[in-house]
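Student: Compact mmCIF, C-alpha atoms and all ligand atoms, file target29.txt:
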# COMPACT_ATOMS: atom_id res chain seq x y z
CA VAL T 182 208.43 -68.60 115.21
CA LEU T 183 206.37 -65.47 115.79
CA ASP T 184 207.64 -61.99 115.09
CA ARG T 185 204.65 -59.85 116.04
CA GLY T 186 203.63 -58.98 119.58
CA ASP T 187 199.92 -59.42 118.84
CA GLN T 188 200.59 -62.98 117.62
CA LEU T 189 202.37 -63.83 120.88
CA ARG T 190 199.55 -62.31 122.95
CA LYS T 191 196.91 -64.22 120.98
CA GLU T 192 198.76 -67.52 121.23
CA LEU T 193 199.34 -67.27 124.98
CA ASP T 194 195.82 -65.92 125.71
CA ALA T 195 194.41 -68.94 123.85
CA ALA T 196 196.62 -71.29 125.86
CA ARG T 197 195.43 -69.81 129.16
CA ALA T 198 191.81 -69.90 127.97
CA ALA T 199 192.28 -73.63 127.41
CA GLY T 200 193.48 -73.95 131.01
CA ARG T 201 197.15 -74.29 130.13
CA ARG T 202 199.90 -72.81 132.27
CA VAL T 203 202.28 -70.48 130.41
CA GLY T 204 206.04 -70.29 130.94
CA LEU T 205 208.14 -67.44 129.55
CA VAL T 206 211.90 -67.48 128.99
CA PRO T 207 213.14 -64.01 127.96
CA THR T 208 216.51 -64.08 126.18
CA MET T 209 218.69 -62.07 123.83
CA GLY T 210 219.38 -65.16 121.72
CA ALA T 211 222.76 -66.82 121.10
CA LEU T 212 221.23 -69.56 123.20
CA HIS T 213 223.46 -71.96 125.11
CA GLU T 214 223.16 -74.62 127.77
CA GLY T 215 222.28 -72.00 130.41
CA HIS T 216 219.22 -70.97 128.40
CA ALA T 217 218.41 -74.63 127.67
CA SER T 218 218.23 -75.27 131.42
CA LEU T 219 215.70 -72.41 131.82
CA ILE T 220 213.63 -73.72 128.91
CA ARG T 221 213.70 -77.30 130.22
CA ARG T 222 212.58 -76.11 133.66
CA SER T 223 209.74 -74.10 132.13
CA ALA T 224 208.71 -77.04 129.94
CA ALA T 225 208.69 -79.29 133.01
CA GLU T 226 206.57 -76.89 135.08
CA CYS T 227 204.29 -75.34 132.44
CA ASP T 228 202.10 -76.54 129.59
CA VAL T 229 203.28 -73.97 127.04
CA THR T 230 206.75 -72.45 126.96
CA ALA T 231 207.46 -69.28 125.00
CA VAL T 232 211.08 -68.23 124.47
CA THR T 233 211.67 -64.63 123.45
CA VAL T 234 214.74 -63.75 121.38
CA PHE T 235 215.38 -60.02 121.16
CA VAL T 236 218.69 -58.18 121.35
CA ASN T 237 217.35 -55.15 123.16
CA PRO T 238 219.16 -51.98 122.05
CA LEU T 239 217.82 -50.06 125.07
CA GLN T 240 220.02 -52.00 127.47
CA PHE T 241 223.28 -51.30 125.63
CA ASN T 242 224.94 -47.92 125.92
CA PRO T 243 226.73 -46.38 122.92
CA SER T 244 230.19 -47.66 123.90
CA GLU T 245 228.97 -51.24 124.22
CA ASP T 246 228.90 -54.30 122.03
CA LEU T 247 225.37 -54.10 120.52
CA ASP T 248 226.55 -54.64 116.94
CA ASP T 249 228.96 -57.41 117.95
CA TYR T 250 226.37 -59.22 120.07
CA PRO T 251 226.13 -62.76 118.63
CA ARG T 252 222.95 -63.45 116.64
CA ASP T 253 221.87 -66.78 115.10
CA LEU T 254 218.11 -67.27 115.02
CA ASP T 255 218.17 -70.67 113.26
CA HIS T 256 220.45 -72.07 115.96
CA ASP T 257 218.27 -70.48 118.66
CA VAL T 258 215.06 -71.98 117.27
CA ASP T 259 216.67 -75.46 117.12
CA LEU T 260 218.04 -75.23 120.65
CA ALA T 261 214.77 -73.84 122.06
CA ALA T 262 212.68 -76.55 120.38
CA GLY T 263 215.11 -79.27 121.51
CA ALA T 264 214.80 -78.06 125.11
CA GLY T 265 210.99 -78.11 124.99
CA ALA T 266 209.89 -74.65 123.82
CA ASP T 267 206.56 -74.45 122.01
CA VAL T 268 206.82 -70.88 120.75
CA VAL T 269 209.75 -68.63 119.83
CA PHE T 270 208.98 -64.91 119.72
CA ALA T 271 211.69 -63.10 117.74
CA PRO T 272 210.57 -59.55 116.95
CA ASP T 273 212.76 -57.02 115.17
CA VAL T 274 213.57 -53.64 116.69
CA ALA T 275 210.82 -51.90 114.69
CA GLU T 276 208.22 -54.28 116.14
CA MET T 277 209.24 -53.51 119.72
CA TYR T 278 210.11 -49.81 119.20
CA PRO T 279 208.21 -48.57 116.14
CA ASP T 280 209.06 -44.93 116.91
CA GLY T 281 212.75 -45.59 117.55
CA VAL T 282 213.59 -44.77 121.15
CA PRO T 283 210.34 -45.12 123.14
CA SER T 284 209.05 -42.00 124.87
CA VAL T 285 207.90 -43.98 127.91
CA THR T 286 210.45 -46.18 129.68
CA VAL T 287 210.79 -47.80 133.09
CA HIS T 288 213.31 -46.18 135.43
CA VAL T 289 214.82 -48.36 138.15
CA THR T 290 215.96 -46.39 141.19
CA GLY T 291 218.85 -47.68 143.26
CA ALA T 292 220.27 -49.77 140.40
CA ASP T 293 223.34 -47.58 140.00
CA THR T 294 225.83 -49.90 141.69
CA MET T 295 227.85 -52.75 140.17
CA GLU T 296 226.40 -53.38 136.65
CA GLY T 297 224.40 -50.15 136.93
CA ALA T 298 227.56 -48.15 137.71
CA SER T 299 229.56 -49.74 134.90
CA ARG T 300 226.69 -49.66 132.39
CA PRO T 301 224.65 -46.48 132.96
CA GLY T 302 221.04 -46.91 131.81
CA HIS T 303 221.41 -50.67 131.44
CA PHE T 304 218.77 -51.64 134.00
CA ASP T 305 216.26 -49.06 132.73
CA GLY T 306 216.62 -50.76 129.33
CA VAL T 307 216.22 -54.22 130.85
CA ALA T 308 213.19 -53.19 132.94
CA THR T 309 211.53 -51.50 129.96
CA VAL T 310 211.82 -54.50 127.65
CA VAL T 311 210.90 -57.00 130.37
CA ALA T 312 207.79 -54.92 131.16
CA GLN T 313 206.87 -55.04 127.47
CA LEU T 314 207.46 -58.79 127.27
CA PHE T 315 205.42 -59.37 130.45
CA ASN T 316 202.58 -57.29 129.01
CA LEU T 317 202.63 -59.21 125.74
CA ALA T 318 202.88 -62.60 127.46
CA GLY T 319 200.28 -62.01 130.17
CA PRO T 320 200.02 -64.07 133.39
CA CYS T 321 202.84 -66.61 133.44
CA ARG T 322 205.85 -68.00 135.21
CA ALA T 323 209.00 -66.27 133.92
CA TYR T 324 212.41 -67.93 134.16
CA PHE T 325 215.63 -65.97 134.72
CA GLY T 326 219.18 -67.16 135.38
CA GLU T 327 220.96 -66.41 138.65
CA LYS T 328 224.13 -65.56 136.70
CA ASP T 329 222.63 -62.09 136.20
CA TRP T 330 222.04 -61.71 139.92
CA GLN T 331 221.46 -57.97 139.94
CA GLN T 332 219.12 -58.25 136.94
CA LEU T 333 217.12 -60.87 138.83
CA GLY T 334 216.63 -58.37 141.69
CA VAL T 335 215.57 -55.67 139.22
CA VAL T 336 213.06 -58.02 137.57
CA ARG T 337 211.64 -59.02 140.95
CA SER T 338 211.23 -55.34 141.93
CA LEU T 339 209.70 -54.50 138.54
CA THR T 340 207.19 -57.34 138.93
CA ALA T 341 206.22 -56.36 142.48
CA ASP T 342 206.21 -52.58 142.03
CA LEU T 343 204.21 -52.59 138.76
CA SER T 344 201.97 -55.52 139.81
CA PHE T 345 202.69 -57.83 136.89
CA PRO T 346 200.79 -61.13 137.19
CA VAL T 347 204.05 -63.02 136.79
CA ASP T 348 205.88 -65.48 139.05
CA VAL T 349 209.60 -64.86 138.66
CA ILE T 350 211.55 -68.11 138.94
CA ALA T 351 215.30 -67.97 139.57
CA CYS T 352 217.36 -70.78 138.06
CA PRO T 353 220.93 -71.80 138.98
CA THR T 354 223.90 -70.76 136.86
CA VAL T 355 225.13 -73.37 134.39
CA ARG T 356 228.93 -73.66 134.23
CA ASP T 357 231.57 -75.21 132.00
CA PRO T 358 233.74 -77.89 133.67
CA ASP T 359 236.37 -75.27 134.68
CA GLY T 360 233.67 -73.20 136.41
CA LEU T 361 233.17 -70.48 133.78
CA ALA T 362 229.51 -69.41 133.81
CA ARG T 363 227.82 -70.02 130.46
CA SER T 364 227.21 -66.72 128.67
CA SER T 365 226.44 -65.73 125.10
CA ARG T 366 229.56 -63.55 125.25
CA ASN T 367 231.89 -66.53 125.84
CA VAL T 368 232.00 -67.27 122.09
CA ARG T 369 233.88 -64.01 121.60
CA LEU T 370 236.80 -65.10 123.80
CA THR T 371 240.03 -66.22 122.09
CA PRO T 372 241.29 -69.66 123.21
CA GLN T 373 243.78 -68.01 125.62
CA GLU T 374 241.13 -65.65 126.97
CA ARG T 375 238.74 -68.57 127.40
CA VAL T 376 241.30 -70.31 129.66
CA ALA T 377 241.96 -67.06 131.56
CA SER T 378 238.22 -66.52 132.13
CA ALA T 379 238.07 -69.34 134.65
CA VAL T 380 239.68 -66.86 137.07
CA LEU T 381 236.26 -65.33 137.89
CA HIS T 382 234.86 -68.54 139.31
CA ARG T 383 238.20 -69.42 140.91
CA ALA T 384 238.21 -66.07 142.72
CA LEU T 385 234.62 -66.56 143.92
CA THR T 386 235.13 -70.13 145.14
CA THR T 387 238.38 -69.19 146.94
CA ALA T 388 236.60 -66.29 148.63
CA ALA T 389 233.65 -68.56 149.51
CA ILE T 390 236.04 -70.93 151.27
CA ALA T 391 237.44 -68.00 153.30
CA VAL T 392 233.90 -66.90 154.25
CA THR T 393 232.95 -70.44 155.26
CA ALA T 394 236.10 -70.54 157.40
CA GLY T 395 234.86 -67.45 159.26
CA GLU T 396 236.07 -64.41 157.26
CA CYS T 397 233.08 -62.06 157.45
CA ASP T 398 234.72 -58.70 156.72
CA PRO T 399 233.45 -57.66 153.26
CA VAL T 400 236.51 -55.48 152.69
CA VAL T 401 238.84 -58.44 153.19
CA VAL T 402 236.69 -60.73 151.02
CA ARG T 403 236.51 -58.12 148.24
CA ARG T 404 240.31 -57.74 148.35
CA LEU T 405 240.73 -61.49 148.15
CA ILE T 406 238.58 -61.69 144.99
CA ALA T 407 240.34 -58.66 143.46
CA GLY T 408 243.79 -60.10 144.27
CA ILE T 409 243.07 -63.39 142.52
CA VAL T 410 241.70 -61.65 139.42
CA ALA T 411 244.73 -59.31 139.40
CA ARG T 412 247.09 -62.29 139.13
CA GLU T 413 245.53 -63.25 135.76
CA PRO T 414 247.31 -61.04 133.18
CA LEU T 415 244.49 -61.25 130.59
CA ALA T 416 241.80 -60.15 133.08
CA ALA T 417 241.03 -56.62 134.28
CA LEU T 418 238.76 -56.35 137.31
CA ASP T 419 235.72 -54.11 137.05
CA TYR T 420 234.34 -54.76 140.54
CA ALA T 421 234.26 -57.28 143.34
CA GLU T 422 231.30 -57.05 145.73
CA VAL T 423 230.11 -58.84 148.85
CA LEU T 424 226.47 -58.43 149.82
CA PRO T 425 224.72 -59.83 152.88
CA GLU T 426 221.75 -62.10 152.07
CA ALA T 427 219.55 -64.46 154.08
CA GLY T 428 221.78 -67.07 155.69
CA GLY T 429 225.06 -65.73 154.33
CA PHE T 430 226.61 -63.61 151.63
CA ARG T 431 226.46 -63.17 147.88
CA LEU T 432 229.89 -62.71 146.27
CA LEU T 433 229.88 -60.94 142.90
CA VAL T 434 232.57 -60.15 140.37
CA ALA T 435 232.84 -58.46 136.98
CA ALA T 436 235.97 -58.37 134.84
CA ARG T 437 237.01 -57.70 131.30
CA VAL T 438 238.92 -60.50 129.61
CA GLY T 439 240.29 -59.08 126.37
CA ALA T 440 237.37 -57.21 124.83
CA VAL T 441 234.73 -59.31 126.60
CA ARG T 442 233.08 -58.24 129.84
CA LEU T 443 232.13 -61.16 132.07
CA ILE T 444 230.17 -61.34 135.32
CA ASP T 445 229.60 -64.06 137.88
CA ASN T 446 228.36 -64.55 141.44
CA LEU T 447 228.14 -67.18 144.14
CA GLY T 448 226.05 -67.54 147.29
CA VAL T 449 227.85 -68.68 150.44
CA ALA T 450 226.11 -69.79 153.62
CA THR T 451 227.57 -68.78 156.99
O1 LIG O 501 219.24 -61.57 130.43
C1 LIG O 501 218.95 -61.24 129.26
O2 LIG O 501 219.21 -61.96 128.31
C2 LIG O 501 218.30 -59.90 129.01
O3 LIG O 501 218.81 -58.94 129.86
C3 LIG O 501 216.77 -59.94 129.06
C4 LIG O 501 216.28 -60.30 130.44
C5 LIG O 501 216.27 -60.96 128.05
C6 LIG O 501 216.19 -58.58 128.69
O4 LIG O 501 216.59 -58.17 127.42
Represent the structure contained in this file as structure tokens.
Ligand code: PAF
Tutor:
Amino acid sequence: VLDRGDQLRKELDAARAAGRRVGLVPTMGALHEGHASLIRRSAAECDVTAVTVFVNPLQFNPSEDLDDYPRDLDHDVDLAAGAGADVVFAPDVAEMYPDGVPSVTVHVTGADTMEGASRPGHFDGVATVVAQLFNLAGPCRAYFGEKDWQQLGVVRSLTADLSFPVDVIACPTVRDPDGLARSSRNVRLTPQERVASAVLHRALTTAAIAVTAGECDPVVVRRLIAGIVAREPLAALDYAEVLPEAGGFRLLVAARVGAVRLIDNLGVAT
């Protein structure tokens, strides 16, 4: 486990100098099977896999759950090693932001919808820390989950617009048997809320069936998702969105279940 940026840089520079391919899996810890799938993919495709564990304060706004965000480094190190990681980089806040709030940050334009609308400043915080991690890691393949669909788009734009020598690899969402997308936040759900949370995936799959059957009006599809979430008393919809993408649509949903905010998305071919 490394906790200094210069150690990570040295380790990964040495690996590349020895002709080894580097994989990077950026995380905020509280690792679960979704992260394990990213780490396994990196370990299968790269010679050295570095997992970063850093709960980035810049991507939380004051009303959010920064202090409640689950943290368990011992568990994370075990899970990462078991999935094939060679290095865990777990800096503290002072290592990443020695002067407190950094005076130079990355601003993402056009990221003020969906997560950006509900969480002002969130994507600037994500882009800033990912830029730092990419700079520390150097040329690599970097693995991100499709569950955070909008984040994936932001990371792709960041990489292209700021010319990072990084290949961004998108990996499929890992789900529990009832369809709930694996998320570090799931551990904060009560047993009843955990059952209720399956409504997000149920709403998306029901809407996907309607789209496959020919329903192409985004307003109707959005209403369908919202209607299904509304029938679950423990869930409060934040947004339902339908975006065109190559070969079909991407359906996205965010809802609060109790005190926990959950997001999910699904691609549907037309
Ligand atoms: O997806 C996450 O866990 C975080 O947003 C990331 C990409 C590690 C940046 O802090």
Student: Just the number, please: distance in Å from CA of Pro207 (chain T) to CA of Gly439 (chain T), one decimal.
Tutor: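 Pair CA of Pro207 (chain T) / CA of Gly439 (chain T) returns 27.6 Å.
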Student: I need the residue nearest ligand LIG 501 (chain O) from this list: T:Ala195, T:Cys227, T:Val307, T:Ala261. Use all atoms listed in the file for the distance.
Tutor: T:Val307
Student: Please give me, as a short mmCIF file (atom, residue, chain, number, x, y, z; two decimals) with C-alpha atoms, in the frame of the given file, the residues lying within 7 Å of ligand LIG 501 (chain O) when counting only C-alpha atoms and all ligand atoms.
Tutor:
data_model
loop_
_atom_site.label_atom_id
_atom_site.label_comp_id
_atom_site.auth_asym_id
_atom_site.auth_seq_id
_atom_site.Cartn_x
_atom_site.Cartn_y
_atom_site.Cartn_z
CA PRO T 207 213.14 -64.01 127.96
CA THR T 208 216.51 -64.08 126.18
CA MET T 209 218.69 -62.07 123.83
CA PHE T 235 215.38 -60.02 121.16
CA VAL T 236 218.69 -58.18 121.35
CA ASN T 237 217.35 -55.15 123.16
CA VAL T 307 216.22 -54.22 130.85
CA VAL T 310 211.82 -54.50 127.65
CA VAL T 311 210.90 -57.00 130.37
CA ASP T 329 222.63 -62.09 136.20
#
Student: Tell me which protein, DNA and RNA residues are within 10 Å of Asp267 (chain T), counting all atoms listed in the file, leaving out same-chain ones fewer than 4 positions away, and put them as a list in words.
Tutor: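 Once the nearby chain positions are removed, what remains is Val182, Gly204, Ile220, Ala224, Asp228, Val229, Thr230, Ala231, Val232, Ala261, Ala262 and Gly263 of chain T.
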Student: Using all atoms listed in the file, pick whichever of T:Leu219, T:Leu385, T:Leu339, T:Leu433 has the shortest atom-to-atom distance to Thr290 (chain T).
Tutor: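 Using all atoms listed in the file, the shortest distance to Thr290 (chain T) belongs to T:Leu339.
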Student: Calculated over only C-alpha atoms, which of the candidates T:Leu205, T:Val285, T:Gly448, T:Val380 has the smallest distance to Arg412 (chain T)?
Tutor: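 Using only C-alpha atoms, the shortest distance to Arg412 (chain T) belongs to T:Val380.
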Student: Could you tell me how far CA of Ala421 (chain T) sits from CA of Arg404 (chain T), in Å to one decimal place?
Tutor: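 Pair CA of Arg404 (chain T) / CA of Ala421 (chain T) returns 7.9 Å.
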Student: Record the distance separating CA of Cys352 (chain T) and CA of Gly326 (chain T), expressed in Å with one decimal.
Tutor: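 CA of Gly326 (chain T) lies 4.9 Å from CA of Cys352 (chain T).
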Student: Find the residues near Leu343 (chain T): any atom within 12 Å, counting only C-alpha atoms, skip ones fewer than 6 places away on the same chain, and give them as number ranges by chain.
Tutor: T: 287-289, 308-309, 311-313, 315-316, 335-337
